[in-house]
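A.B. asks: If you scroll down you'll find the structure; I have some questions about it.
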Protein chains: 2
Amino acid sequence: MAGTIPREPSVSGLPLTRVVRALPPLVPFVGPEALERRHGRPLRVRVGANESPFGVSPAAREAMRQAVDEVWMYNDPEIHDLIEALAAHHHVPPARVHVGAGIDEILGLLVRLFAEAGDPVVTSLGSYPTFNYHVHGYGARLVEVPYVDDRVDFAGLGDAARKSGAHLVYAANPDNPMGTWGTAGAALELLASLPAEAMLILDEAYSEFAPPAAVPAMDVSDRRLVRTRTFSKAHGMAGARIGYAIAHEEVVAVLDRVRNQFGVNRVAQAGALASLGEPQHVRSVVRQVRQGRGELAALAEELGLGHVESATNFVNLDLGCGERARAVQAALLGRGVFVRMPYKPPGDRCVRVTVGTPGQRSAFALEFRGALSEVDGR
Amino acid sequence: MAGTIPREPSVSGLPLTRVVRALPPLVPFVGPEALERRHGRPLRVRVGANESPFGVSPAAREAMRQAVDEVWMYNDPEIHDLIEALAAHHHVPPARVHVGAGIDEILGLLVRLFAEAGDPVVTSLGSYPTFNYHVHGYGARLVEVPYVDDRVDFAGLGDAARKSGAHLVYAANPDNPMGTWGTAGAALELLASLPAEAMLILDEAYSEFAPPAAVPAMDVSDRRLVRTRTFSKAHGMAGARIGYAIAHEEVVAVLDRVRNQFGVNRVAQAGALASLGEPQHVRSVVRQVRQGRGELAALAEELGLGHVESATNFVNLDLGCGERARAVQAALLGRGVFVRMPYKPPGDRCVRVTVGTPGQRSAFALEFRGALSEVDGR
């Protein structure tokens, strides 16, 4: 379902660059809308993309509706007000904040800045497919470090970076798709272990859901560290396309030289600014997600299944092996339930379920029981 | 005001790619918000960015407000419904439509596809700064062909492409910043004159405002032709960030390999789809713009000035020389009026004024008279 899926036949006859000419036809994710079109029926329970069905805060909703009435104007290309607010929020100077059209866009820019064609780039085997998509897209090559006990192997990433001579290392903490987390200390040890000429992207898209011990203090005085955050998850703004990076001012300055200057749309800027001003919404979402994670764990236990402890807004339910997990995912899809699967071992023994609203949770539980019975022939 | 403006000191100490390391610190446009912050007062008359103050269609407004309530969901990465609607609108197969986060983003992708570092890329001298920004950004080099009689020199672009061996040629028709247009025949002759291994980007951002004779029939069977269009101008959705390209299916397929798959936000997709379904809005905007162009021409004549005949939603008022034009622009800014200037000869003798609403037009006329008197010492 996720990963890198062939899409188009080989392209020829165009004056493509060497890197693009060699690009395999890949797509990082198939969206639920595409699944609906293929299968000719709606997905009733959308718990596959780690979206937040708790929605946006009331202030963000109102700000975005007002921004619609001003959408004839270009957005502020300097993203001034939001950058100031984020700087205040994180107690860093504005020069250390870069805002982009989602972490996806920022990851693409970072690969473009730091990875020459042919260069090694280090990541976890089975980690975020969109990062891998960008690495392929700029002609760099992946050096992939397997998870250990379903966790990012921070020490292993450092070893691989030193051995391969990589200038770029990616680690998500908490991790997607596994949902597990490492300590702030482990992440900072990885940074310390990297050569002077290597950058670490610490993708913290799910940090709001994580225990404090997983999140390092907000210090980016080391110019090798780039921390990415998003409004797509806890803030409930996935479809608005807005995320940011906190990094040394030299990194932010060079991102400024290649970013799409008008790339962060007006509605998203307004919504993000308002959401930042209403932190009780995120707190409430985090509480509800915690309760939902507990319910999913209890469901797994009741059905004799394991689950992977999660510090995110999703839980991996452990089906024991890839074959059974794939069968359960297919059965769920047949029942109108959208989930994804981690696409590499060891995660591919699981189905990954986003914590939904109470209604989505009970609908999921019902269909999951049914799907499991169907697959197990009971 | 436009062009390429130094921004940051040189960046060092980061493991940047060779191309990025050599990048000059440039920014294609300073936004009106930045001008307001610098000068400490609001711009009362915003007629500098070729935005459409006539706003969006009622259907688009309603669709975008509804989309705000669904913004917790990611947007459809395949942009299926809008692509189908655009294909029907232009009578082309959906496989020949690419939708992106504004023409700016699409131009960046096209440069990335077709220009190696060091390659020549042909454009008009003084043409769209954001295209130039991307050419610099990927380490290619500009080959610039001067305007002739304030018009794009289509034959000259072809000559420059053949002489330089460029794989990529950019022409805007109607042109920005000049506002002039060439015939469909001239554009197609340019395409025919290009080597088999060269791509032509025909940027038609302003095509809705142009006479039919300026717009070639919608035929992209020649795989060397990419035509770009936008919802930013006549549709009034500049701040939503959505534009598209019509091109041969091989070009669309390869764009699919590098684009940000989730890059076109949900609100923009919904608004564009609705706006396409309400063509009377665009027709009404085009009528009002035509009237406004006439008023700006009459104002120029009354003040003893020339103007450049325009096929867009803006008019260049001819101040005769760069010094006077810059002085008038500065005087306008002091009066709270935002306009831009073409940044290279021959256009830099003009100030470029977007056609505003009737209220903006009379406010502009008042302040323009004042600014001119101020500059001319009368």
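Each chain in the structure tokens gets a letter, A, B and so on, in the order shown; residues start at 1 in every chain, and ligands are counted from 1 in the order they appear.
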Using only C-alpha atoms, select each residue of chain B with any atom at most 6 Å away from an atom of chain A, and give the selection as a PyMOL selection string.
C.D. replies: chain B and resi 15-17+25+51-52+55+65+71-75+113-114+116+137+197+236-241+257-258+265-266
A.B. asks: If you count only C-alpha atoms, which residues fall within 12 Å of Leu305 in chain B, apart from same-chain ones fewer than 6 positions away, as a ChimeraX atom specification?
C.D. replies: /B:296-299,316-321,324-325,349-351,368-369,372
A.B. asks: Give me a file of those residues, with N, CA and C atoms, as a PDB file, in the first residue's frame.
C.D. replies:
```
ATOM      1  N   LEU B 296      -6.919  53.143 -17.653  1.00  0.00           N
ATOM      2  CA  LEU B 296      -5.500  53.433 -17.395  1.00  0.00           C
ATOM      3  C   LEU B 296      -4.853  54.071 -18.622  1.00  0.00           C
ATOM      4  N   ALA B 297      -5.227  53.610 -19.803  1.00  0.00           N
ATOM      5  CA  ALA B 297      -4.694  54.207 -21.039  1.00  0.00           C
ATOM      6  C   ALA B 297      -5.139  55.671 -21.150  1.00  0.00           C
ATOM      7  N   ALA B 298      -6.407  55.915 -20.825  1.00  0.00           N
ATOM      8  CA  ALA B 298      -6.927  57.290 -20.909  1.00  0.00           C
ATOM      9  C   ALA B 298      -6.233  58.185 -19.887  1.00  0.00           C
ATOM     10  N   LEU B 299      -5.992  57.653 -18.703  1.00  0.00           N
ATOM     11  CA  LEU B 299      -5.277  58.418 -17.676  1.00  0.00           C
ATOM     12  C   LEU B 299      -3.885  58.795 -18.177  1.00  0.00           C
ATOM     13  N   ASN B 316       1.408  48.802 -18.400  1.00  0.00           N
ATOM     14  CA  ASN B 316       2.623  49.566 -18.132  1.00  0.00           C
ATOM     15  C   ASN B 316       2.425  51.006 -18.556  1.00  0.00           C
ATOM     16  N   LEU B 317       2.552  51.919 -17.599  1.00  0.00           N
ATOM     17  CA  LEU B 317       2.479  53.354 -17.893  1.00  0.00           C
ATOM     18  C   LEU B 317       3.901  53.838 -18.161  1.00  0.00           C
ATOM     19  N   ASP B 318       4.065  54.533 -19.261  1.00  0.00           N
ATOM     20  CA  ASP B 318       5.395  54.836 -19.795  1.00  0.00           C
ATOM     21  C   ASP B 318       5.857  56.193 -19.280  1.00  0.00           C
ATOM     22  N   LEU B 319       6.875  56.179 -18.414  1.00  0.00           N
ATOM     23  CA  LEU B 319       7.404  57.433 -17.865  1.00  0.00           C
ATOM     24  C   LEU B 319       8.586  57.957 -18.671  1.00  0.00           C
ATOM     25  N   GLY B 320       8.948  57.249 -19.720  1.00  0.00           N
ATOM     26  CA  GLY B 320       9.959  57.774 -20.631  1.00  0.00           C
ATOM     27  C   GLY B 320      11.379  57.331 -20.335  1.00  0.00           C
ATOM     28  N   CYS B 321      11.722  57.236 -19.035  1.00  0.00           N
ATOM     29  CA  CYS B 321      13.070  56.769 -18.688  1.00  0.00           C
ATOM     30  C   CYS B 321      13.033  56.130 -17.305  1.00  0.00           C
ATOM     31  N   ARG B 324      12.891  58.465 -14.011  1.00  0.00           N
ATOM     32  CA  ARG B 324      11.578  59.033 -13.687  1.00  0.00           C
ATOM     33  C   ARG B 324      10.624  57.934 -13.217  1.00  0.00           C
ATOM     34  N   ALA B 325      10.691  56.779 -13.852  1.00  0.00           N
ATOM     35  CA  ALA B 325       9.807  55.682 -13.465  1.00  0.00           C
ATOM     36  C   ALA B 325      10.089  55.254 -12.018  1.00  0.00           C
ATOM     37  N   ARG B 349      11.394  51.748 -18.077  1.00  0.00           N
ATOM     38  CA  ARG B 349      10.923  53.139 -18.193  1.00  0.00           C
ATOM     39  C   ARG B 349       9.478  53.266 -17.721  1.00  0.00           C
ATOM     40  N   CYS B 350       8.883  52.130 -17.310  1.00  0.00           N
ATOM     41  CA  CYS B 350       7.446  52.068 -16.991  1.00  0.00           C
ATOM     42  C   CYS B 350       7.197  51.713 -15.535  1.00  0.00           C
ATOM     43  N   VAL B 351       6.005  52.062 -15.047  1.00  0.00           N
ATOM     44  CA  VAL B 351       5.485  51.410 -13.847  1.00  0.00           C
ATOM     45  C   VAL B 351       4.322  50.526 -14.289  1.00  0.00           C
ATOM     46  N   PHE B 368      -1.589  58.715  -8.441  1.00  0.00           N
ATOM     47  CA  PHE B 368      -0.636  58.756  -9.548  1.00  0.00           C
ATOM     48  C   PHE B 368      -0.426  60.193 -10.024  1.00  0.00           C
ATOM     49  N   ARG B 369      -1.534  60.940 -10.135  1.00  0.00           N
ATOM     50  CA  ARG B 369      -1.392  62.363 -10.495  1.00  0.00           C
ATOM     51  C   ARG B 369      -0.492  63.069  -9.484  1.00  0.00           C
ATOM     52  N   LEU B 372       3.185  61.993  -9.797  1.00  0.00           N
ATOM     53  CA  LEU B 372       3.810  62.548 -11.002  1.00  0.00           C
ATOM     54  C   LEU B 372       4.159  64.025 -10.788  1.00  0.00           C
TER      55      LEU B 372
END
```
A.B. asks: Smallest atom-to-atom distance to Leu333 in chain A: which of A:Ile103, A:Ala371, A:Ile246, A:Leu188, using only C-alpha atoms?
C.D. replies: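 When distances to Leu333 in chain A are compared using only C-alpha atoms, the smallest one comes from A:Ala371.
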A.B. asks: To test your reading of the structure, identify every residue in range 54-244 of chain A that backbone DSSP assigns to strand (DSSP E), and report it as a ChimeraX atom specification.
C.D. replies: /A:97-100,120-124,141-145,168-172,199-203,225-230,243-244
A.B. asks: Between CA of Val252 in chain A and CA of Phe154 in chain A, what is the distance, to one decimal in Å?
C.D. replies: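 Here the two named atoms are 25.0 Å from each other.
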A.B. asks: Select, from A:Leu273, A:Gly158, A:Arg326, A:Ala210, the residue with the minimum atom-to-atom distance to Gly347 in chain A, counting only C-alpha atoms.
C.D. replies: A:Arg326
A.B. asks: If we count only C-alpha atoms, what is near Tyr206 in chain A at a cut-off of 8 Å, once residues fewer than 5 positions away on the same chain are taken out, given as an MDAnalysis selection string?
C.D. replies: chainID A and resid 173:175 229 233:234 311:313
A.B. asks: For the selection you just gave me, I'd like the residues written to a file as a compact mmCIF listing (two decimals), in the first residue's frame, keeping all heavy atoms.
C.D. replies:
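Full text of selection-v4.txt as output:
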```
# COMPACT_ATOMS: atom_id res chain seq x y z
N ASN A 173 11.45 10.54 14.91
CA ASN A 173 11.28 10.21 16.31
C ASN A 173 10.19 11.07 16.93
O ASN A 173 10.35 12.28 17.02
CB ASN A 173 12.59 10.45 17.08
CG ASN A 173 12.55 9.81 18.47
OD1 ASN A 173 12.01 8.71 18.62
ND2 ASN A 173 13.11 10.49 19.45
N PRO A 174 9.05 10.47 17.32
CA PRO A 174 8.68 9.07 17.18
C PRO A 174 8.70 8.64 15.72
O PRO A 174 8.59 9.47 14.83
CB PRO A 174 7.26 9.01 17.74
CG PRO A 174 7.12 10.21 18.60
CD PRO A 174 8.01 11.25 18.02
N ASP A 175 8.82 7.34 15.52
CA ASP A 175 8.97 6.82 14.17
C ASP A 175 7.63 6.58 13.49
O ASP A 175 6.64 6.20 14.12
CB ASP A 175 9.74 5.50 14.22
CG ASP A 175 9.98 4.97 12.81
OD1 ASP A 175 10.71 5.62 12.06
OD2 ASP A 175 9.41 3.91 12.47
N ARG A 229 8.72 19.70 11.89
CA ARG A 229 7.44 19.64 12.60
C ARG A 229 6.32 19.91 11.60
O ARG A 229 6.56 20.46 10.52
CB ARG A 229 7.40 20.70 13.71
CG ARG A 229 8.50 20.57 14.76
CD ARG A 229 8.21 19.45 15.72
NE ARG A 229 9.22 19.31 16.75
CZ ARG A 229 9.05 19.70 18.02
NH1 ARG A 229 7.92 20.29 18.40
NH2 ARG A 229 10.00 19.51 18.90
N LYS A 233 -0.69 16.83 11.77
CA LYS A 233 -1.06 15.77 12.70
C LYS A 233 -1.88 16.33 13.86
O LYS A 233 -3.08 16.45 13.76
CB LYS A 233 0.21 15.04 13.16
CG LYS A 233 1.04 14.47 11.99
CD LYS A 233 0.27 13.48 11.13
CE LYS A 233 1.09 13.01 9.93
NZ LYS A 233 0.27 12.21 9.01
N ALA A 234 -1.25 16.71 14.95
CA ALA A 234 -2.00 17.14 16.12
C ALA A 234 -2.87 18.37 15.84
O ALA A 234 -3.94 18.53 16.43
CB ALA A 234 -1.04 17.42 17.28
N ALA A 311 4.02 6.02 20.37
CA ALA A 311 4.10 7.40 20.87
C ALA A 311 3.56 8.36 19.82
O ALA A 311 3.98 9.52 19.75
CB ALA A 311 5.54 7.73 21.22
N THR A 312 2.62 7.90 19.01
CA THR A 312 2.10 8.69 17.89
C THR A 312 0.57 8.67 17.93
O THR A 312 -0.03 8.28 18.93
CB THR A 312 2.57 8.09 16.56
OG1 THR A 312 1.98 6.78 16.43
CG2 THR A 312 4.08 7.96 16.50
N ASN A 313 -0.05 9.07 16.81
CA ASN A 313 -1.52 8.99 16.74
C ASN A 313 -1.98 7.76 15.97
O ASN A 313 -3.06 7.75 15.39
CB ASN A 313 -2.11 10.28 16.13
CG ASN A 313 -1.82 10.41 14.65
OD1 ASN A 313 -0.95 9.72 14.12
ND2 ASN A 313 -2.55 11.29 13.97
```
